[in-house]
Amino acid sequence: MAPPVYARGRLRVTRACDRCKKRKIRCSGVQPCEKCSSCNQPCAYNAPYARGQRLPRVLKGPDFDNPRHPFNLDGASTAAVSPQISTLEGPSPSNDTISPLILARPGEPARRPTCSPVELTLTDLDGHYLGPSSEAAFMLRVQRSLNPSESFSHVSLPFSLSDEQLPVIDPSLDCTVPVELASQLAQAFFEHALPIAQFLHWPTVEAGLSELQSPSFSRPQKALMYAMFTVAVPYMAIQSSTAQRYFATSESLLNGHDKPISLVTIQARLCQCIWLLGESRFDQCWDLFGVAARHALAIGLHQASCVHQASTFDSVGIESYRRTFWTLYTLDNLLSIALGRPRVFNNLDINQDLPSLGEESDDFEVGGRLPNCTAPPAATLATVAYFRLSGITGKVLQKSYSSHPLSLTEQIDFVMSCSESLKGWREVYSSIISPENSTNEPLSPVVQVQSDFLNLAHSHTTVLANRFLLLEKLAPDYDTRNSADERRRIDTLVGECVTAAMDIVNILSDIDRMERIIGTHWFTPFIALSAMTVLYTYSASQGSETDKEYYRSAAARCQVLLFGLVKEDSLVTKYSLLLEDLRSQV
């Protein structure tokens, strides 16, 4: 039903329809309105309505580029590849109810898309800040490239980032877990929940299962067990409300713990964050992750020297520190991609070593001592490969998404160096990225999931590194303002970007066809969104209608798969609404 229209002399429209509001044009206030009727477009009043305008918020940050930093990654060589730490950024879509973001100050000349400063004012309806690495940021740049004559002042999102509150559960209620069920949940956690970046020690967990209800079992250890059970519940035939009870129990145990911060409490918080992300509760996860990350900084989890100087740690304790920190670091990167908010960990503060490849790491891996399960020999290598790739991604986002933009020549040179680093990384870890099978039997589920996810992550990093050059290619004066050598290099790098996006679509299609599990990775839908944005954008640069349709259909196919992976009203679903506007423009 259309909102009421009040008249006094002339019509005074109190609210415009979604389409007119987005385009900032006069609306008749009826349904359908005159503008939508003349264009034969749907007319709706679904966008949230709030009077007044919030003050803009601007994110600026220094450029932390130190070539002497131990984690600076300028190329991938075999055992000497060091991880790079940095801020991350992610993909971006858009929709008819989107309108708003500041990329150029009034009175300043327009800049080229690849060199424009990352200066955005973007909040949702509840005032939650989304910075330059949010989905909407890159989408705005695409819109400016496709419609250079239009003015975009800011971007307002047609949805809220606030999460629905978890049901209130009385912590005094009995939440006893039988030993047999606890063992099954622990096994599900190690086999399915985290096939990459495993940070818990299986023998320690196994020993704690029998003592879970013992009075001598400490509150932090018990909180960690219940947080681990929470993550494992979605992989078993158990009601989702059970996970909420486990989460409430874990939270109650941690809140009632007044002793100093320990590795166990940080691991419990990390498990809680992973479950919240799987439930698409990003706002709650952001708050909780801030606690876990700052506790990690407080005990020196980011410093190798602090671990080695502690005489109480054996090789397993040191390995636990390493794995827990790098899992936190990677999650920090991924949250920055999803929400566009600043990271907690600073590049220059970190000198923690990567997980070991020695025998002390064997018990951490999937199936290390689990019954009826054989541990894949490359499990530790997959974990290290994932952390190293996250370092390359961090370097990409530190340079390309910085508030200190690179010139076009610098951007091209940097992207080419990143391309070489990615190729070197792929050569070093080819045995786990593309595992060879001497028999015709399918790979084990764990090895297959590791291979799928590493390939998706590699393609996503390639997209992030190259996609700004795609905007340069869309510029109307691309052929005249760039030299022949620049155009040749840009065309090569854009080709790599589009190829990576198509690889993402093909991998997801193969996963769907073979009915393999991929929902275990909460970030996979964001990778799909990035690929779709690139393919829809690239289709606009194609002269032939056949080529346009080829890339549009690939993106549409991925969009169908995406909605099969995500939950209704999740953040990815909300971002997908923004993608519809781009599809309508190309």
# chains A, B, ... in the order shown; residues from 1 in each chain; ligands from 1

$ residues_around --residues "Tyr538 in chain A" --least-positions-apart "2" --cutoff "10 Å" --atoms "only C-alpha atoms" --output "PyMOL selection string"
chain A and resi 467+470-471+473-474+494-495+497-498+532-536+540-542+547-548+551-552+586

$ select_by_dssp --residues "range 218-292 of chain A" --states "helix (DSSP H, G or I)" --output "mmCIF file with C-alpha atoms, in the first residue's frame"
data_model
loop_
_atom_site.group_PDB
_atom_site.id
_atom_site.type_symbol
_atom_site.label_atom_id
_atom_site.label_comp_id
_atom_site.auth_asym_id
_atom_site.auth_seq_id
_atom_site.Cartn_x
_atom_site.Cartn_y
_atom_site.Cartn_z
ATOM 1 C CA ARG A 219 35.846 -23.010 33.883
ATOM 2 C CA PRO A 220 37.933 -21.832 30.848
ATOM 3 C CA GLN A 221 38.512 -25.427 29.729
ATOM 4 C CA LYS A 222 34.830 -26.235 30.106
ATOM 5 C CA ALA A 223 33.904 -23.026 28.236
ATOM 6 C CA LEU A 224 36.196 -24.056 25.373
ATOM 7 C CA MET A 225 34.577 -27.504 25.170
ATOM 8 C CA TYR A 226 31.065 -26.041 24.997
ATOM 9 C CA ALA A 227 32.161 -23.447 22.411
ATOM 10 C CA MET A 228 33.637 -26.270 20.324
ATOM 11 C CA PHE A 229 30.373 -28.239 20.619
ATOM 12 C CA THR A 230 28.494 -25.135 19.427
ATOM 13 C CA VAL A 231 30.513 -25.059 16.196
ATOM 14 C CA ALA A 232 30.010 -28.799 15.640
ATOM 15 C CA VAL A 233 26.211 -28.910 16.091
ATOM 16 C CA PRO A 234 25.336 -27.818 12.480
ATOM 17 C CA TYR A 235 27.161 -30.904 11.160
ATOM 18 C CA SER A 240 19.816 -25.649 16.233
ATOM 19 C CA SER A 241 18.492 -24.587 19.639
ATOM 20 C CA THR A 242 21.028 -26.992 21.143
ATOM 21 C CA ALA A 243 23.849 -24.884 19.710
ATOM 22 C CA GLN A 244 22.314 -21.791 21.288
ATOM 23 C CA ARG A 245 22.237 -23.525 24.680
ATOM 24 C CA TYR A 246 25.876 -24.585 24.308
ATOM 25 C CA PHE A 247 26.810 -21.018 23.321
ATOM 26 C CA ALA A 248 24.988 -19.575 26.345
ATOM 27 C CA THR A 249 26.724 -22.068 28.634
ATOM 28 C CA SER A 250 30.135 -21.220 27.207
ATOM 29 C CA GLU A 251 29.461 -17.488 27.531
ATOM 30 C CA SER A 252 28.296 -17.890 31.119
ATOM 31 C CA LEU A 253 31.441 -19.828 32.039
ATOM 32 C CA LEU A 254 33.714 -17.195 30.472
ATOM 33 C CA ASN A 255 31.886 -14.252 32.022
ATOM 34 C CA LEU A 263 45.255 -19.178 25.579
ATOM 35 C CA VAL A 264 42.238 -21.361 26.438
ATOM 36 C CA THR A 265 39.903 -18.379 26.927
ATOM 37 C CA ILE A 266 41.035 -16.902 23.597
ATOM 38 C CA GLN A 267 40.425 -20.221 21.825
ATOM 39 C CA ALA A 268 36.931 -20.387 23.354
ATOM 40 C CA ARG A 269 36.153 -16.869 22.077
ATOM 41 C CA LEU A 270 37.495 -17.842 18.661
ATOM 42 C CA CYS A 271 35.147 -20.838 18.488
ATOM 43 C CA GLN A 272 32.247 -18.602 19.484
ATOM 44 C CA CYS A 273 33.118 -16.174 16.677
ATOM 45 C CA ILE A 274 33.222 -18.988 14.133
ATOM 46 C CA TRP A 275 29.744 -20.155 15.145
ATOM 47 C CA LEU A 276 28.330 -16.607 15.011
ATOM 48 C CA LEU A 277 29.712 -16.182 11.498
ATOM 49 C CA GLY A 278 28.126 -19.451 10.418
ATOM 50 C CA PHE A 282 28.294 -10.456 11.900
ATOM 51 C CA ASP A 283 27.634 -7.576 14.255
ATOM 52 C CA GLN A 284 27.787 -9.800 17.331
ATOM 53 C CA CYS A 285 30.871 -11.535 15.972
ATOM 54 C CA TRP A 286 32.600 -8.193 15.392
ATOM 55 C CA ASP A 287 32.135 -7.245 19.055
ATOM 56 C CA LEU A 288 33.245 -10.627 20.349
ATOM 57 C CA PHE A 289 36.221 -10.855 17.987
ATOM 58 C CA GLY A 290 37.471 -7.486 19.241
ATOM 59 C CA VAL A 291 37.633 -8.975 22.745
ATOM 60 C CA ALA A 292 39.478 -12.106 21.575
#

$ closest_residue --among "A:Glu427, A:Phe387, A:Ala556, A:Asn333" --to "Asp353 in chain A" --atoms "only C-alpha atoms"
A:Phe387

$ closest_residue --among "A:Thr123, A:Arg19, A:Thr480, A:Ile337" --to "Tyr401 in chain A" --atoms "only C-alpha atoms"
A:Ile337

$ atom_distance --atom1 "CA of Thr393 in chain A" --atom2 "CA of Val463 in chain A"
10.2 Å

$ decode --residues "range 407-431 of chain A" --atoms "N, CA, C and O atoms" --output "PDB file, in the first residue's frame"
ATOM      1  N   SER A 407      49.548   5.696  -8.232  1.00  0.00           N
ATOM      2  CA  SER A 407      49.334   6.160  -9.601  1.00  0.00           C
ATOM      3  C   SER A 407      49.042   4.938 -10.466  1.00  0.00           C
ATOM      4  O   SER A 407      49.257   3.793 -10.047  1.00  0.00           O
ATOM      5  N   LEU A 408      48.569   5.179 -11.683  1.00  0.00           N
ATOM      6  CA  LEU A 408      48.223   4.060 -12.548  1.00  0.00           C
ATOM      7  C   LEU A 408      49.444   3.183 -12.834  1.00  0.00           C
ATOM      8  O   LEU A 408      49.364   1.951 -12.787  1.00  0.00           O
ATOM      9  N   THR A 409      50.589   3.821 -13.097  1.00  0.00           N
ATOM     10  CA  THR A 409      51.804   3.046 -13.377  1.00  0.00           C
ATOM     11  C   THR A 409      52.221   2.220 -12.165  1.00  0.00           C
ATOM     12  O   THR A 409      52.575   1.041 -12.281  1.00  0.00           O
ATOM     13  N   GLU A 410      52.165   2.852 -10.972  1.00  0.00           N
ATOM     14  CA  GLU A 410      52.502   2.125  -9.752  1.00  0.00           C
ATOM     15  C   GLU A 410      51.529   0.975  -9.507  1.00  0.00           C
ATOM     16  O   GLU A 410      51.929  -0.108  -9.077  1.00  0.00           O
ATOM     17  N   GLN A 411      50.245   1.226  -9.803  1.00  0.00           N
ATOM     18  CA  GLN A 411      49.241   0.189  -9.610  1.00  0.00           C
ATOM     19  C   GLN A 411      49.524  -1.007 -10.514  1.00  0.00           C
ATOM     20  O   GLN A 411      49.454  -2.162 -10.091  1.00  0.00           O
ATOM     21  N   ILE A 412      49.854  -0.722 -11.772  1.00  0.00           N
ATOM     22  CA  ILE A 412      50.129  -1.811 -12.710  1.00  0.00           C
ATOM     23  C   ILE A 412      51.354  -2.607 -12.265  1.00  0.00           C
ATOM     24  O   ILE A 412      51.345  -3.850 -12.263  1.00  0.00           O
ATOM     25  N   ASP A 413      52.415  -1.893 -11.884  1.00  0.00           N
ATOM     26  CA  ASP A 413      53.635  -2.573 -11.444  1.00  0.00           C
ATOM     27  C   ASP A 413      53.366  -3.428 -10.200  1.00  0.00           C
ATOM     28  O   ASP A 413      53.846  -4.570 -10.100  1.00  0.00           O
ATOM     29  N   PHE A 414      52.601  -2.873  -9.269  1.00  0.00           N
ATOM     30  CA  PHE A 414      52.308  -3.610  -8.046  1.00  0.00           C
ATOM     31  C   PHE A 414      51.473  -4.858  -8.344  1.00  0.00           C
ATOM     32  O   PHE A 414      51.748  -5.941  -7.814  1.00  0.00           O
ATOM     33  N   VAL A 415      50.448  -4.721  -9.166  1.00  0.00           N
ATOM     34  CA  VAL A 415      49.587  -5.861  -9.476  1.00  0.00           C
ATOM     35  C   VAL A 415      50.381  -6.950 -10.195  1.00  0.00           C
ATOM     36  O   VAL A 415      50.186  -8.146  -9.947  1.00  0.00           O
ATOM     37  N   MET A 416      51.296  -6.560 -11.056  1.00  0.00           N
ATOM     38  CA  MET A 416      52.117  -7.563 -11.749  1.00  0.00           C
ATOM     39  C   MET A 416      53.020  -8.304 -10.770  1.00  0.00           C
ATOM     40  O   MET A 416      53.217  -9.515 -10.888  1.00  0.00           O
ATOM     41  N   SER A 417      53.563  -7.590  -9.778  1.00  0.00           N
ATOM     42  CA  SER A 417      54.401  -8.269  -8.778  1.00  0.00           C
ATOM     43  C   SER A 417      53.560  -9.228  -7.933  1.00  0.00           C
ATOM     44  O   SER A 417      54.012 -10.324  -7.585  1.00  0.00           O
ATOM     45  N   CYS A 418      52.306  -8.832  -7.616  1.00  0.00           N
ATOM     46  CA  CYS A 418      51.420  -9.716  -6.869  1.00  0.00           C
ATOM     47  C   CYS A 418      51.051 -10.940  -7.696  1.00  0.00           C
ATOM     48  O   CYS A 418      50.928 -12.048  -7.162  1.00  0.00           O
ATOM     49  N   SER A 419      50.883 -10.724  -8.995  1.00  0.00           N
ATOM     50  CA  SER A 419      50.574 -11.844  -9.877  1.00  0.00           C
ATOM     51  C   SER A 419      51.699 -12.874  -9.856  1.00  0.00           C
ATOM     52  O   SER A 419      51.450 -14.085  -9.823  1.00  0.00           O
ATOM     53  N   GLU A 420      52.943 -12.386  -9.847  1.00  0.00           N
ATOM     54  CA  GLU A 420      54.082 -13.297  -9.768  1.00  0.00           C
ATOM     55  C   GLU A 420      54.118 -14.028  -8.420  1.00  0.00           C
ATOM     56  O   GLU A 420      54.432 -15.221  -8.350  1.00  0.00           O
ATOM     57  N   SER A 421      53.773 -13.312  -7.336  1.00  0.00           N
ATOM     58  CA  SER A 421      53.741 -13.943  -6.015  1.00  0.00           C
ATOM     59  C   SER A 421      52.695 -15.054  -5.967  1.00  0.00           C
ATOM     60  O   SER A 421      52.935 -16.130  -5.410  1.00  0.00           O
ATOM     61  N   LEU A 422      51.535 -14.807  -6.564  1.00  0.00           N
ATOM     62  CA  LEU A 422      50.469 -15.813  -6.571  1.00  0.00           C
ATOM     63  C   LEU A 422      50.862 -17.028  -7.400  1.00  0.00           C
ATOM     64  O   LEU A 422      50.558 -18.171  -7.039  1.00  0.00           O
ATOM     65  N   LYS A 423      51.533 -16.779  -8.507  1.00  0.00           N
ATOM     66  CA  LYS A 423      51.999 -17.906  -9.327  1.00  0.00           C
ATOM     67  C   LYS A 423      53.030 -18.726  -8.556  1.00  0.00           C
ATOM     68  O   LYS A 423      53.021 -19.963  -8.597  1.00  0.00           O
ATOM     69  N   GLY A 424      53.957 -18.044  -7.858  1.00  0.00           N
ATOM     70  CA  GLY A 424      54.951 -18.752  -7.064  1.00  0.00           C
ATOM     71  C   GLY A 424      54.308 -19.545  -5.943  1.00  0.00           C
ATOM     72  O   GLY A 424      54.703 -20.687  -5.668  1.00  0.00           O
ATOM     73  N   TRP A 425      53.296 -18.951  -5.281  1.00  0.00           N
ATOM     74  CA  TRP A 425      52.587 -19.671  -4.215  1.00  0.00           C
ATOM     75  C   TRP A 425      51.925 -20.929  -4.766  1.00  0.00           C
ATOM     76  O   TRP A 425      51.978 -21.988  -4.141  1.00  0.00           O
ATOM     77  N   ARG A 426      51.323 -20.807  -5.930  1.00  0.00           N
ATOM     78  CA  ARG A 426      50.629 -21.965  -6.503  1.00  0.00           C
ATOM     79  C   ARG A 426      51.615 -23.076  -6.865  1.00  0.00           C
ATOM     80  O   ARG A 426      51.310 -24.263  -6.723  1.00  0.00           O
ATOM     81  N   GLU A 427      52.804 -22.707  -7.338  1.00  0.00           N
ATOM     82  CA  GLU A 427      53.807 -23.720  -7.677  1.00  0.00           C
ATOM     83  C   GLU A 427      54.294 -24.446  -6.420  1.00  0.00           C
ATOM     84  O   GLU A 427      54.468 -25.666  -6.417  1.00  0.00           O
ATOM     85  N   VAL A 428      54.508 -23.686  -5.344  1.00  0.00           N
ATOM     86  CA  VAL A 428      55.027 -24.283  -4.118  1.00  0.00           C
ATOM     87  C   VAL A 428      54.034 -25.287  -3.528  1.00  0.00           C
ATOM     88  O   VAL A 428      54.411 -26.372  -3.076  1.00  0.00           O
ATOM     89  N   TYR A 429      52.741 -24.942  -3.560  1.00  0.00           N
ATOM     90  CA  TYR A 429      51.733 -25.780  -2.902  1.00  0.00           C
ATOM     91  C   TYR A 429      50.849 -26.515  -3.910  1.00  0.00           C
ATOM     92  O   TYR A 429      49.690 -26.819  -3.617  1.00  0.00           O
ATOM     93  N   SER A 430      51.395 -26.797  -5.055  1.00  0.00           N
ATOM     94  CA  SER A 430      50.614 -27.476  -6.092  1.00  0.00           C
ATOM     95  C   SER A 430      50.121 -28.854  -5.648  1.00  0.00           C
ATOM     96  O   SER A 430      49.065 -29.320  -6.075  1.00  0.00           O
ATOM     97  N   SER A 431      50.868 -29.512  -4.765  1.00  0.00           N
ATOM     98  CA  SER A 431      50.488 -30.862  -4.347  1.00  0.00           C
ATOM     99  C   SER A 431      49.192 -30.894  -3.554  1.00  0.00           C
ATOM    100  O   SER A 431      48.490 -31.909  -3.535  1.00  0.00           O
TER     101      SER A 431
END
